[in-house]
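Visitor: Supplied structure: work15.txt, compact mmCIF, C-alpha atoms and all ligand atoms.
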```
# COMPACT_ATOMS: atom_id res chain seq x y z
CA MET A 732 118.19 198.00 43.46
CA THR A 733 121.08 199.40 45.55
CA PRO A 734 121.58 203.13 44.95
CA PRO A 735 124.97 204.04 43.51
CA LEU A 736 127.69 204.28 46.20
CA SER A 737 129.61 207.16 44.67
CA ILE A 738 132.68 209.17 45.75
CA ARG A 739 132.66 212.60 44.12
CA PRO A 740 133.40 215.60 46.37
CA GLY A 741 136.16 217.81 45.01
CA SER A 742 139.36 217.24 43.16
CA THR A 743 141.17 215.12 45.73
CA SER A 744 138.36 212.70 46.28
CA SER A 745 136.10 210.68 44.12
CA ALA A 746 132.50 209.62 43.98
CA LEU A 747 132.23 206.39 45.98
CA ALA A 748 129.38 204.19 44.93
CA SER A 749 128.02 200.75 45.67
CA VAL A 750 126.50 199.65 42.42
CA GLU A 751 124.77 196.77 40.80
CA ARG A 752 125.87 195.92 37.32
CA ASP A 753 123.12 197.65 35.39
CA LEU A 754 123.77 200.76 37.47
CA LEU A 755 127.45 200.40 36.75
CA THR A 756 126.66 200.29 33.05
CA ALA A 757 124.60 203.47 33.45
CA ALA A 758 127.37 205.14 35.48
CA ILE A 759 129.95 204.31 32.83
CA ALA A 760 127.62 205.59 30.13
CA SER A 761 127.27 208.88 32.02
CA LEU A 762 131.02 209.62 31.90
CA GLU A 763 131.70 212.72 29.83
CA THR A 764 133.98 211.22 27.24
CA ASP A 765 133.87 209.68 23.79
CA THR A 766 136.86 207.43 24.53
CA LEU A 767 137.11 204.87 27.29
CA VAL A 768 140.36 203.09 28.06
CA VAL A 769 139.68 199.92 30.05
CA ILE A 770 142.68 198.64 32.00
CA THR A 771 142.23 195.26 33.65
CA ASP A 772 144.12 192.00 34.21
CA GLU A 773 143.80 188.58 32.60
CA THR A 774 142.09 186.89 35.53
CA VAL A 775 139.54 189.63 36.10
CA TRP A 776 138.85 190.01 32.39
CA ASN A 777 138.31 186.26 31.93
CA LEU A 778 136.01 186.04 34.95
CA HIS A 779 134.09 189.28 34.72
CA GLY A 780 134.91 191.11 31.50
CA ARG A 781 131.55 190.26 29.96
CA HIS A 782 129.76 192.23 32.70
CA LEU A 783 131.55 195.45 31.85
CA LYS A 784 129.39 197.07 29.20
CA ILE A 785 130.88 199.95 27.26
CA PRO A 786 128.31 201.93 25.24
CA SER A 787 128.76 201.22 21.52
CA THR A 788 128.82 204.97 20.88
CA ARG A 789 132.19 205.21 22.65
CA LYS A 790 135.57 204.32 21.30
CA ARG A 791 136.97 201.54 23.51
CA ILE A 792 140.65 200.82 24.03
CA LEU A 793 141.44 197.72 26.08
CA TRP A 794 144.63 196.83 27.93
CA ILE A 795 144.90 193.49 29.75
CA SER A 796 147.82 193.28 32.17
CA PRO A 797 149.32 190.12 33.65
CA PRO A 798 147.69 189.49 37.05
CA GLY A 799 149.21 190.65 40.32
CA GLU A 800 152.45 192.56 40.82
CA ALA A 801 153.70 191.58 37.35
CA GLY A 802 151.23 194.15 36.05
CA LYS A 803 152.99 196.91 37.98
CA SER A 804 156.25 196.62 36.02
CA TYR A 805 158.05 199.16 33.82
CA GLU A 806 157.66 196.73 30.91
CA ASN A 807 153.89 196.54 31.29
CA TYR A 808 153.69 200.32 31.74
CA ARG A 809 155.63 200.98 28.56
CA ALA A 810 153.68 198.46 26.49
CA CYS A 811 150.36 199.74 27.83
CA ALA A 812 151.23 203.42 27.28
CA GLU A 813 152.39 202.78 23.70
CA HIS A 814 149.28 200.70 22.97
CA ILE A 815 146.97 203.46 24.20
CA LEU A 816 148.87 206.22 22.43
CA SER A 817 148.96 204.30 19.17
CA ALA A 818 145.18 203.75 19.40
CA GLY A 819 144.75 207.53 19.63
CA ILE A 820 143.56 209.44 22.70
CA HIS A 821 142.96 213.01 23.78
CA ARG A 822 142.85 214.87 27.12
CA LYS A 823 139.23 213.88 27.72
CA ALA A 824 139.76 210.15 27.24
CA HIS A 825 138.72 208.42 30.47
CA ILE A 826 140.64 205.52 31.99
CA LEU A 827 138.59 202.81 33.68
CA ALA A 828 140.52 200.55 36.08
CA PHE A 829 138.80 197.20 36.43
CA GLY A 830 140.52 194.87 38.89
CA GLY A 831 142.24 194.53 42.24
CA GLY A 832 144.69 196.92 43.85
CA ALA A 833 147.47 196.06 41.41
CA VAL A 834 145.24 197.14 38.51
CA THR A 835 143.93 200.29 40.21
CA ASP A 836 147.49 201.33 41.19
CA PHE A 837 148.72 200.69 37.67
CA ALA A 838 145.78 202.19 35.75
CA GLY A 839 145.82 205.24 38.02
CA PHE A 840 149.51 205.71 37.25
CA VAL A 841 148.87 205.38 33.51
CA ALA A 842 146.12 207.99 33.94
CA ALA A 843 148.46 210.25 35.93
CA THR A 844 151.17 210.19 33.30
CA LEU A 845 149.60 209.96 29.83
CA LEU A 846 149.12 213.39 28.27
CA ARG A 847 150.19 214.79 31.69
CA GLY A 848 147.04 213.49 33.34
CA LEU A 849 143.79 211.89 32.23
CA PRO A 850 140.63 211.43 34.30
CA TRP A 851 140.08 207.94 35.68
CA SER A 852 137.56 205.85 37.56
CA ALA A 853 137.86 202.53 39.36
CA VAL A 854 135.76 199.40 39.57
CA PRO A 855 137.59 197.44 42.30
CA THR A 856 137.15 193.67 42.18
CA THR A 857 139.00 192.52 45.32
CA LEU A 858 138.02 193.18 48.93
CA LEU A 859 141.34 194.90 49.54
CA ALA A 860 140.81 197.23 46.61
CA MET A 861 137.22 197.98 47.66
CA VAL A 862 138.11 199.02 51.20
CA ASP A 863 141.52 200.50 50.54
CA ALA A 864 143.60 200.43 47.36
CA SER A 865 141.18 201.97 44.89
CA ILE A 866 140.48 204.93 47.19
CA GLY A 867 142.74 207.87 47.82
CA GLY A 868 144.65 208.45 44.62
CA LYS A 869 147.96 206.75 45.44
CA THR A 870 149.01 205.27 42.11
CA GLY A 871 152.22 203.63 41.04
CA ILE A 872 154.36 200.84 39.73
CA ASN A 873 157.21 198.88 41.28
CA SER A 874 160.94 199.44 41.03
CA GLU A 875 163.61 196.80 41.54
CA HIS A 876 164.34 198.75 44.73
CA GLY A 877 160.87 198.25 46.15
CA LYS A 878 157.11 198.32 45.66
CA ASN A 879 155.27 201.48 44.60
CA LEU A 880 158.47 203.54 44.46
CA VAL A 881 157.54 205.08 41.10
CA GLY A 882 154.20 206.78 41.41
CA ALA A 883 152.00 209.82 41.71
CA PHE A 884 149.00 211.08 43.60
CA HIS A 885 146.19 211.14 41.04
CA PHE A 886 142.66 211.00 42.39
CA PRO A 887 140.00 208.90 40.67
CA LYS A 888 136.79 210.66 39.67
CA ASN A 889 134.67 207.68 40.74
CA VAL A 890 135.04 204.43 42.65
CA TRP A 891 132.18 202.05 41.91
CA ILE A 892 131.92 199.10 44.27
CA ASP A 893 129.98 195.93 43.46
CA SER A 894 130.55 193.28 46.13
CA ARG A 895 129.38 190.48 43.84
CA TYR A 896 132.84 190.44 42.26
CA LEU A 897 134.10 189.04 45.56
CA LYS A 898 132.45 185.67 44.97
CA THR A 899 135.30 184.51 42.74
CA LEU A 900 138.13 185.55 45.08
CA SER A 901 140.54 183.01 46.55
CA ARG A 902 140.55 182.48 50.34
CA ASP A 903 143.90 184.26 50.69
CA GLN A 904 142.54 187.25 48.81
CA VAL A 905 139.48 187.41 51.05
CA LEU A 906 141.69 187.23 54.16
CA SER A 907 143.94 189.91 52.74
CA GLY A 908 141.00 192.30 52.52
CA ARG A 909 139.79 191.32 55.98
CA GLY A 910 143.17 192.23 57.47
CA GLU A 911 142.61 195.80 56.24
CA ILE A 912 139.08 195.72 57.68
CA LEU A 913 140.58 194.76 61.05
CA LYS A 914 142.79 197.84 60.77
CA TYR A 915 139.74 200.08 60.22
CA CYS A 916 138.06 198.51 63.28
CA LEU A 917 140.88 199.74 65.51
CA LEU A 918 140.87 203.16 63.85
CA ASP A 919 137.14 203.78 64.13
CA GLU A 920 134.78 202.69 66.87
CA ARG A 921 131.73 202.71 64.57
CA ILE A 922 133.40 200.29 62.18
CA TYR A 923 134.45 198.14 65.15
CA ASP A 924 130.82 197.99 66.29
CA LYS A 925 129.58 197.00 62.83
CA VAL A 926 132.12 194.19 62.47
CA ALA A 927 131.67 192.97 66.05
CA ALA A 928 127.89 192.93 65.51
CA GLY A 929 128.32 190.83 62.37
CA ASP A 930 126.83 193.44 60.01
CA PRO A 931 126.64 192.44 56.32
CA LEU A 932 129.90 192.68 54.40
CA GLU A 933 128.47 195.35 52.07
CA THR A 934 127.80 197.63 55.06
CA VAL A 935 131.29 197.07 56.40
CA ILE A 936 132.89 197.73 53.00
CA ALA A 937 130.94 200.96 52.62
CA ALA A 938 131.94 202.09 56.14
CA CYS A 939 135.65 201.36 55.56
CA ALA A 940 135.67 203.02 52.13
CA ALA A 941 133.87 206.09 53.47
CA TYR A 942 136.30 206.30 56.43
CA LYS A 943 139.29 206.25 54.11
CA GLN A 944 137.63 208.76 51.84
CA ARG A 945 137.08 211.16 54.76
CA ILE A 946 140.70 210.89 55.90
CA VAL A 947 141.98 211.42 52.36
CA LYS A 948 139.78 214.48 51.98
CA ARG A 949 141.29 215.94 55.17
CA ASP A 950 144.85 215.08 54.25
CA PRO A 951 145.21 214.11 50.57
CA TYR A 952 149.03 214.07 50.46
CA GLU A 953 149.71 212.27 53.74
CA ALA A 954 151.10 215.18 55.72
CA GLY A 955 149.24 214.13 58.86
CA ALA A 956 145.96 212.27 59.44
CA ARG A 957 146.35 210.03 56.39
CA LYS A 958 149.29 208.36 58.10
CA LEU A 959 146.74 206.73 60.43
CA LEU A 960 145.88 204.39 57.56
CA ASN A 961 149.35 202.87 57.97
CA LEU A 962 148.31 201.26 61.27
CA GLY A 963 150.01 197.87 61.52
CA HIS A 964 151.84 198.29 58.21
CA THR A 965 155.41 198.94 59.35
CA TYR A 966 155.52 195.68 61.28
CA GLY A 967 153.09 194.12 58.78
CA HIS A 968 155.24 194.73 55.70
CA ALA A 969 158.30 193.35 57.49
CA LEU A 970 156.36 190.22 58.57
CA GLU A 971 154.90 189.87 55.05
CA LYS A 972 158.36 189.77 53.54
CA SER A 973 160.01 187.71 56.28
CA PHE A 974 157.34 185.00 56.42
CA GLY A 975 155.89 185.27 52.88
CA LEU A 976 152.39 185.99 54.23
CA PRO A 977 149.38 187.39 52.35
CA HIS A 978 149.32 191.15 52.91
CA GLY A 979 146.18 191.30 55.08
CA ILE A 980 147.28 188.46 57.36
CA ALA A 981 150.58 190.26 57.81
CA VAL A 982 148.78 193.52 58.65
CA ALA A 983 146.65 191.69 61.23
CA ALA A 984 149.82 190.21 62.74
CA GLY A 985 151.53 193.62 62.56
CA ILE A 986 148.67 195.06 64.60
CA ARG A 987 149.42 192.49 67.32
CA LEU A 988 152.93 193.96 67.55
CA ILE A 989 151.50 197.50 67.56
CA ILE A 990 149.25 196.62 70.49
CA GLU A 991 152.34 195.37 72.31
CA HIS A 992 154.26 198.49 71.29
CA SER A 993 151.43 200.80 72.42
CA ARG A 994 151.12 198.97 75.74
CA GLY A 995 147.47 198.50 74.80
CA THR A 996 145.09 197.52 77.58
CA ALA A 997 143.93 193.96 78.25
CA THR A 998 140.55 195.10 76.90
CA LEU A 999 142.11 196.14 73.60
CA LEU A 1000 143.92 192.80 73.32
CA ALA A 1001 140.66 190.95 74.00
CA GLU A 1002 138.86 193.06 71.36
CA TYR A 1003 141.66 192.31 68.90
CA HIS A 1004 141.27 188.57 69.53
CA ASP A 1005 137.49 188.86 69.07
CA LEU A 1006 138.04 190.60 65.73
CA LEU A 1007 140.47 187.90 64.60
CA ASP A 1008 137.77 185.40 65.45
CA VAL A 1009 134.91 187.24 63.66
CA LEU A 1010 137.06 187.91 60.58
CA GLU A 1011 138.51 184.37 60.64
CA LEU A 1012 142.01 185.78 60.74
CA GLU A 1013 143.32 183.63 63.61
CA SER A 1014 146.10 182.33 61.38
CA ALA A 1015 147.70 185.78 61.80
CA LEU A 1016 148.80 184.53 65.20
CA ASP A 1017 150.39 181.30 63.93
CA LEU A 1018 153.71 183.02 63.52
CA PHE A 1019 153.74 183.94 67.22
CA ALA A 1020 153.13 180.33 68.32
CA THR A 1021 156.85 179.81 68.82
CA PRO A 1022 159.44 182.55 69.44
CA PHE A 1023 161.11 183.95 66.32
CA PRO A 1024 164.61 182.52 65.88
CA ALA A 1025 167.23 185.27 66.25
CA SER A 1026 167.96 185.25 62.49
CA GLN A 1027 164.26 185.78 61.71
CA ALA A 1028 164.06 188.65 64.20
CA GLU A 1029 167.07 190.27 62.48
CA ARG A 1030 165.39 189.83 59.11
CA ILE A 1031 162.22 191.52 60.35
CA LEU A 1032 164.26 194.40 61.73
CA SER A 1033 166.21 194.83 58.51
CA PHE A 1034 162.93 195.18 56.57
CA ILE A 1035 161.69 197.70 59.13
CA GLY A 1036 164.89 199.67 58.56
CA LYS A 1037 163.96 200.03 54.87
CA ASP A 1038 160.40 201.24 55.54
CA LYS A 1039 159.25 204.25 53.53
CA LYS A 1040 157.79 205.79 56.69
CA LEU A 1041 161.24 206.38 58.17
CA SER A 1042 161.31 210.09 58.99
CA SER A 1043 165.08 209.98 59.66
CA ALA A 1044 167.78 207.33 59.93
CA GLU A 1045 166.74 206.80 63.55
CA ASP A 1046 162.99 207.41 63.70
CA ILE A 1047 159.85 206.14 62.07
CA ASP A 1048 156.29 207.50 62.07
CA LEU A 1049 154.33 204.80 63.83
CA VAL A 1050 150.59 204.61 64.48
CA LEU A 1051 150.03 203.50 68.05
CA VAL A 1052 146.71 202.51 69.55
CA LYS A 1053 145.78 202.00 73.20
CA LYS A 1054 142.00 201.93 72.73
CA VAL A 1055 139.67 201.22 69.80
CA GLY A 1056 139.04 204.45 67.87
CA LYS A 1057 141.94 206.36 69.48
CA PRO A 1058 144.99 205.93 67.23
CA GLN A 1059 147.97 208.28 67.53
CA ILE A 1060 150.85 208.99 65.19
CA ARG A 1061 154.20 209.14 66.99
CA SER A 1062 157.72 209.60 65.68
CA THR A 1063 159.29 206.52 67.22
CA PRO A 1064 162.95 205.54 67.65
CA ILE A 1065 163.80 202.36 65.74
CA ARG A 1066 165.24 200.91 68.95
CA GLU A 1067 161.70 200.69 70.37
CA LEU A 1068 160.66 198.49 67.44
CA ARG A 1069 163.77 196.39 68.04
CA ASP A 1070 162.68 195.92 71.67
CA VAL A 1071 159.17 194.85 70.65
CA VAL A 1072 160.41 192.36 68.05
CA SER A 1073 162.89 190.95 70.54
CA ARG A 1074 160.06 190.32 73.04
CA PHE A 1075 158.64 187.89 70.48
CA SER A 1076 161.97 186.31 69.67
CA ALA A 1077 163.91 183.45 71.17
CA ARG A 1078 166.16 185.95 72.94
CA GLY A 1079 163.15 187.66 74.51
CA ARG A 1080 160.40 186.27 76.66
CA GLY A 1081 159.06 183.91 74.01
CA SER A 1082 155.54 183.50 72.72
CA ARG A 1083 153.19 186.42 73.41
CA ALA A 1084 150.21 185.56 71.21
N1 LIG A 1101 147.02 202.71 46.32
C1 LIG A 1101 146.77 202.33 47.54
O1 LIG A 1101 146.36 203.12 48.40
C2 LIG A 1101 146.99 200.90 47.91
C3 LIG A 1101 146.62 200.44 49.18
C4 LIG A 1101 146.78 199.08 49.46
C5 LIG A 1101 147.34 198.23 48.51
N2 LIG A 1101 147.70 198.75 47.30
C6 LIG A 1101 148.25 197.86 46.26
O2 LIG A 1101 147.23 196.92 45.94
C7 LIG A 1101 147.86 195.73 45.46
C8 LIG A 1101 147.22 194.56 46.13
O3 LIG A 1101 145.85 194.57 45.80
P1 LIG A 1101 145.01 193.24 45.67
O4 LIG A 1101 145.17 192.44 46.89
O5 LIG A 1101 143.66 193.63 45.23
O6 LIG A 1101 145.84 192.42 44.59
P2 LIG A 1101 145.74 192.17 43.00
O7 LIG A 1101 145.16 193.29 42.27
O8 LIG A 1101 147.10 191.72 42.64
O9 LIG A 1101 144.73 190.97 42.94
C9 LIG A 1101 145.10 189.72 43.50
C10 LIG A 1101 144.75 188.58 42.58
O10 LIG A 1101 143.33 188.45 42.54
C11 LIG A 1101 142.89 188.42 41.19
N3 LIG A 1101 141.55 188.99 41.19
C12 LIG A 1101 141.16 190.29 41.22
N4 LIG A 1101 139.83 190.37 41.31
C13 LIG A 1101 139.36 189.12 41.32
C14 LIG A 1101 138.06 188.55 41.42
N5 LIG A 1101 136.98 189.30 41.56
N6 LIG A 1101 137.95 187.20 41.41
C15 LIG A 1101 139.05 186.41 41.32
N7 LIG A 1101 140.30 186.88 41.23
C16 LIG A 1101 140.45 188.22 41.24
C17 LIG A 1101 143.91 189.22 40.43
O11 LIG A 1101 143.93 188.87 39.07
C18 LIG A 1101 145.20 188.82 41.14
O12 LIG A 1101 145.68 187.61 40.64
C19 LIG A 1101 149.33 195.85 45.76
O13 LIG A 1101 150.02 196.12 44.57
C20 LIG A 1101 149.42 197.04 46.72
O14 LIG A 1101 150.63 197.74 46.57
C21 LIG A 1101 147.53 200.04 46.98
```
Show me this structure written as structure tokens.

Guide:
Amino acid sequence: MTPPLSIRPGSTSSALASVERDLLTAAIASLETDTLVVITDETVWNLHGRHLKIPSTRKRILWISPPGEAGKSYENYRACAEHILSAGIHRKAHILAFGGGAVTDFAGFVAATLLRGLPWSAVPTTLLAMVDASIGGKTGINSEHGKNLVGAFHFPKNVWIDSRYLKTLSRDQVLSGRGEILKYCLLDERIYDKVAAGDPLETVIAACAAYKQRIVKRDPYEAGARKLLNLGHTYGHALEKSFGLPHGIAVAAGIRLIIEHSRGTATLLAEYHDLLDVLELESALDLFATPFPASQAERILSFIGKDKKLSSAEDIDLVLVKKVGKPQIRSTPIRELRDVVSRFSARGRGSRA
């Protein structure tokens, strides 16, 4: 039986654990509370709800959100909060997030805000949530002005990872998680080596989750090192919105632009292509097959202009990488991003994939 993969050191980080289901049941039973509030979504609950065993000695309150971003709405927040409050809770009630990143973001935000803060734990069920979203205490819901604009830092007590939930994921969801794994490969040489060597997915998940956990411990509120985790995301988010791509594919494509921006070596570009191959993310390059039309390039740039990582009207904190394992954060003039995008557009030199 796999020993629990638990994240628990200190208040800003949680116990990270890789668990099998009976161990998960034991871990849930060990929580010091008489009231468990399970927050999940319809899809996850229908597929996996029966595996989540809550001890009969505990009061259980259940909230099932609509799947995906619809769960991160004001309406769902209000309905969920009122449901939980009407069922009766106290400061030691424990929130259990059971789902993908949308659920862990939402449940964490409910935990951050009800009774001015309740303890919470996460059981991530998507690859993206296992390696990224459930770790690090960024919680939130969406505003009509953008994603995650209403939120709080509120660190989970535990993150329990069971990779068997991944078996029911769609292909797009798997690729989305792999795009984040590609990001970790460029951030950390040891993760690169594991992925390049074809190590089992469980090992790779544990390495990515532990890497994020270490960075968050060093810099919980994103004053410095935590910004490294945004590698590929400024370009990635803009490509995601402009081309309607799954998040992870867009991040993988965004990293291609970052390599260009960083003037990464030919070796780095070759390693990037190898990773796309191993992670089956080659479709990230489809959008570079023909130059972006000028209107598309403008669209990408307008999304970049709205990025949350803008440190002023002119500059943006960008994570550059010239070599695997050596990322650097640099305040970067927007005009540099404009130059890079134009190199991939019809006005520039054309296809650079
Ligand atoms: N807080 C953070 O640090 C952080 C980091 C990255 C992303 N995020 C957030 O995470 C969200 C994206 O996460 P996600 O990709 O996990 O999306 P998601 O939670 O929306 O899940 C995607 C879809 O997969 C379904 N699903 C979940 N688990 C499943 C399973 N085991 N089998 C089958 N279907 C399953 C869900 O019902 C949903 O329809 C976004 O809202 C993003 O803002 C947060």

Visitor: At a cut-off of 8 Å around ligand LIG 1101 (chain A), and using only C-alpha atoms and all ligand atoms, what residues come up? Please write them as number ranges by chain.

Guide: A: 772-775, 778-779, 797-800, 803, 830-836, 855-860, 863-871, 878-879, 896-901, 904, 907-908, 978

Visitor: Measuring between all atoms listed in the file, which one of A:Gly995, A:Ala983, A:Leu1032, A:Val769 shows the shortest distance to Leu1016 of chain A?

Guide: A:Ala983

Visitor: Pick the closest to Val905 of chain A from A:Ser1014, A:His964, A:Ala927, A:Gly979: which is it, counting all atoms listed in the file?

Guide: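 Going through A:Ser1014, A:His964, A:Ala927, A:Gly979 one by one, the smallest distance to Val905 of chain A is for A:Gly979.
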
Visitor: Set up a box along x, y and z of the file covering all listed atoms of segment 842-849 of chain A, add 5 Å on every one of the six sides, and write the centre and edge lengths in Å to one decimal, as AutoDock Vina command-line options.

Guide:
```
--center_x 147.5 --center_y 211.4 --center_z 32.1 --size_x 17.4 --size_y 16.8 --size_z 17.7
```

Visitor: Tell me, as a list in words, which residues lie within 10 Å of Leu762 of chain A, counting only C-alpha atoms; anything in the same chain fewer than 6 positions away does not count.

Guide: Ala824, His825, Trp851, Ser852, Lys888 and Asn889 of chain A

Visitor: Using Å and a single decimal, report how far atom CA of Phe1019 of chain A sits from atom CA of Arg902 of chain A.

Guide: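 Computed distance, atom CA of Arg902 of chain A to atom CA of Phe1019 of chain A, equals 21.5 Å.
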
Visitor: Go through A:Leu767, A:Leu846, A:Ala1001, A:Ala883 and flag the residue nearest Ala828 of chain A, using only C-alpha atoms for the distances.

Guide: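 Using only C-alpha atoms, the shortest distance to Ala828 of chain A belongs to A:Leu767.
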
Visitor: Return the single residue from A:Gly955, A:Pro887, A:Pro1022, A:Gly963 that is closest to Ile912 of chain A, with distances computed using all atoms listed in the file.

Guide: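 So, comparing all the options, the nearest one is A:Gly963.
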
Visitor: Write out as a PyMOL selection string the residues lying within 12 Å of Arg847 of chain A, counting only C-alpha atoms and excluding same-chain residues fewer than 4 positions away.

Guide: chain A and resi 821-823+840-843+883+885

Visitor: Include C-alpha atoms and write out the residues we just selected as a PDB file, in the coordinates of the input.

Guide:
```
ATOM      1  CA  HIS A 821     142.960 213.010  23.780  1.00  0.00           C
ATOM      2  CA  ARG A 822     142.850 214.870  27.120  1.00  0.00           C
ATOM      3  CA  LYS A 823     139.230 213.880  27.720  1.00  0.00           C
ATOM      4  CA  PHE A 840     149.510 205.710  37.250  1.00  0.00           C
ATOM      5  CA  VAL A 841     148.870 205.380  33.510  1.00  0.00           C
ATOM      6  CA  ALA A 842     146.120 207.990  33.940  1.00  0.00           C
ATOM      7  CA  ALA A 843     148.460 210.250  35.930  1.00  0.00           C
ATOM      8  CA  ALA A 883     152.000 209.820  41.710  1.00  0.00           C
ATOM      9  CA  HIS A 885     146.190 211.140  41.040  1.00  0.00           C
TER      10      HIS A 885
END
```

Visitor: Counting only C-alpha atoms, which residue out of A:Ala838, A:Leu917, A:Val862, A:Ala1028 sits closest to Arg1069 of chain A?

Guide: A:Ala1028

Visitor: Step by step: start from the point (157.6, 193.0, 69.8) in the file's coordinates, keep every protein, DNA or RNA residue that has an atom no farther than 12 Å from it, count all atoms listed in the file, and write the set as a PyMOL selection string.

Guide: chain A and resi 966-967+970+984-994+1019+1022-1023+1028+1031-1032+1065-1084

Visitor: How many Å separate atom CA of Gly780 of chain A from atom CA of Thr844 of chain A?

Guide: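 Distance between the two atoms: 25.1 Å.
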
Visitor: I'd like the interatomic distance between atom CA of Ile759 of chain A and atom CA of Leu793 of chain A, to a tenth of an Å.

Guide: 14.9 Å

Visitor: Give as a PyMOL selection string the set of residues within 9 Å of the point (161.7, 197.2, 54.5), where distances use the file's coordinates and only C-alpha atoms.

Guide: chain A and resi 877+965+968-969+972+1031-1039

Visitor: Please fill the gaps in segment 984-1002 of chain A so it has N, CA and C atoms, and write that as a tab-separated table (two decimals), in the coordinates of the input.

Guide:
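So the final result, stored in rebuild.tsv, reads:
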```
chain	number	residue	atom	x	y	z
A	984	ALA	N	148.74	190.60	61.82
A	984	ALA	CA	149.82	190.21	62.74
A	984	ALA	C	150.61	191.44	63.18
A	985	GLY	N	150.82	192.37	62.24
A	985	GLY	CA	151.53	193.62	62.56
A	985	GLY	C	150.79	194.40	63.64
A	986	ILE	N	149.47	194.34	63.59
A	986	ILE	CA	148.67	195.06	64.60
A	986	ILE	C	148.88	194.44	65.98
A	987	ARG	N	149.11	193.12	66.02
A	987	ARG	CA	149.42	192.49	67.32
A	987	ARG	C	150.68	193.12	67.92
A	988	LEU	N	151.69	193.35	67.06
A	988	LEU	CA	152.93	193.96	67.55
A	988	LEU	C	152.69	195.42	67.96
A	989	ILE	N	151.81	196.10	67.22
A	989	ILE	CA	151.50	197.50	67.56
A	989	ILE	C	150.81	197.58	68.92
A	990	ILE	N	149.93	196.61	69.19
A	990	ILE	CA	149.25	196.62	70.49
A	990	ILE	C	150.29	196.45	71.60
A	991	GLU	N	151.24	195.56	71.36
A	991	GLU	CA	152.34	195.37	72.31
A	991	GLU	C	153.13	196.67	72.46
A	992	HIS	N	153.44	197.27	71.29
A	992	HIS	CA	154.26	198.49	71.29
A	992	HIS	C	153.54	199.63	72.02
A	993	SER	N	152.22	199.70	71.83
A	993	SER	CA	151.43	200.80	72.42
A	993	SER	C	151.14	200.57	73.90
A	994	ARG	N	151.53	199.40	74.40
A	994	ARG	CA	151.12	198.97	75.74
A	994	ARG	C	149.60	199.06	75.86
A	995	GLY	N	148.94	198.49	74.83
A	995	GLY	CA	147.47	198.50	74.80
A	995	GLY	C	146.91	197.75	75.99
A	996	THR	N	145.71	198.13	76.39
A	996	THR	CA	145.09	197.52	77.58
A	996	THR	C	144.69	196.08	77.31
A	997	ALA	N	144.41	195.35	78.39
A	997	ALA	CA	143.93	193.96	78.25
A	997	ALA	C	142.62	193.96	77.46
A	998	THR	N	141.82	195.01	77.64
A	998	THR	CA	140.55	195.10	76.90
A	998	THR	C	140.84	195.17	75.41
A	999	LEU	N	141.80	196.01	75.04
A	999	LEU	CA	142.11	196.14	73.60
A	999	LEU	C	142.58	194.79	73.04
A	1000	LEU	N	143.42	194.10	73.80
A	1000	LEU	CA	143.92	192.80	73.32
A	1000	LEU	C	142.76	191.81	73.15
A	1001	ALA	N	141.82	191.85	74.10
A	1001	ALA	CA	140.66	190.95	74.00
A	1001	ALA	C	139.82	191.32	72.78
A	1002	GLU	N	139.65	192.63	72.53
A	1002	GLU	CA	138.86	193.06	71.36
A	1002	GLU	C	139.55	192.63	70.07
```
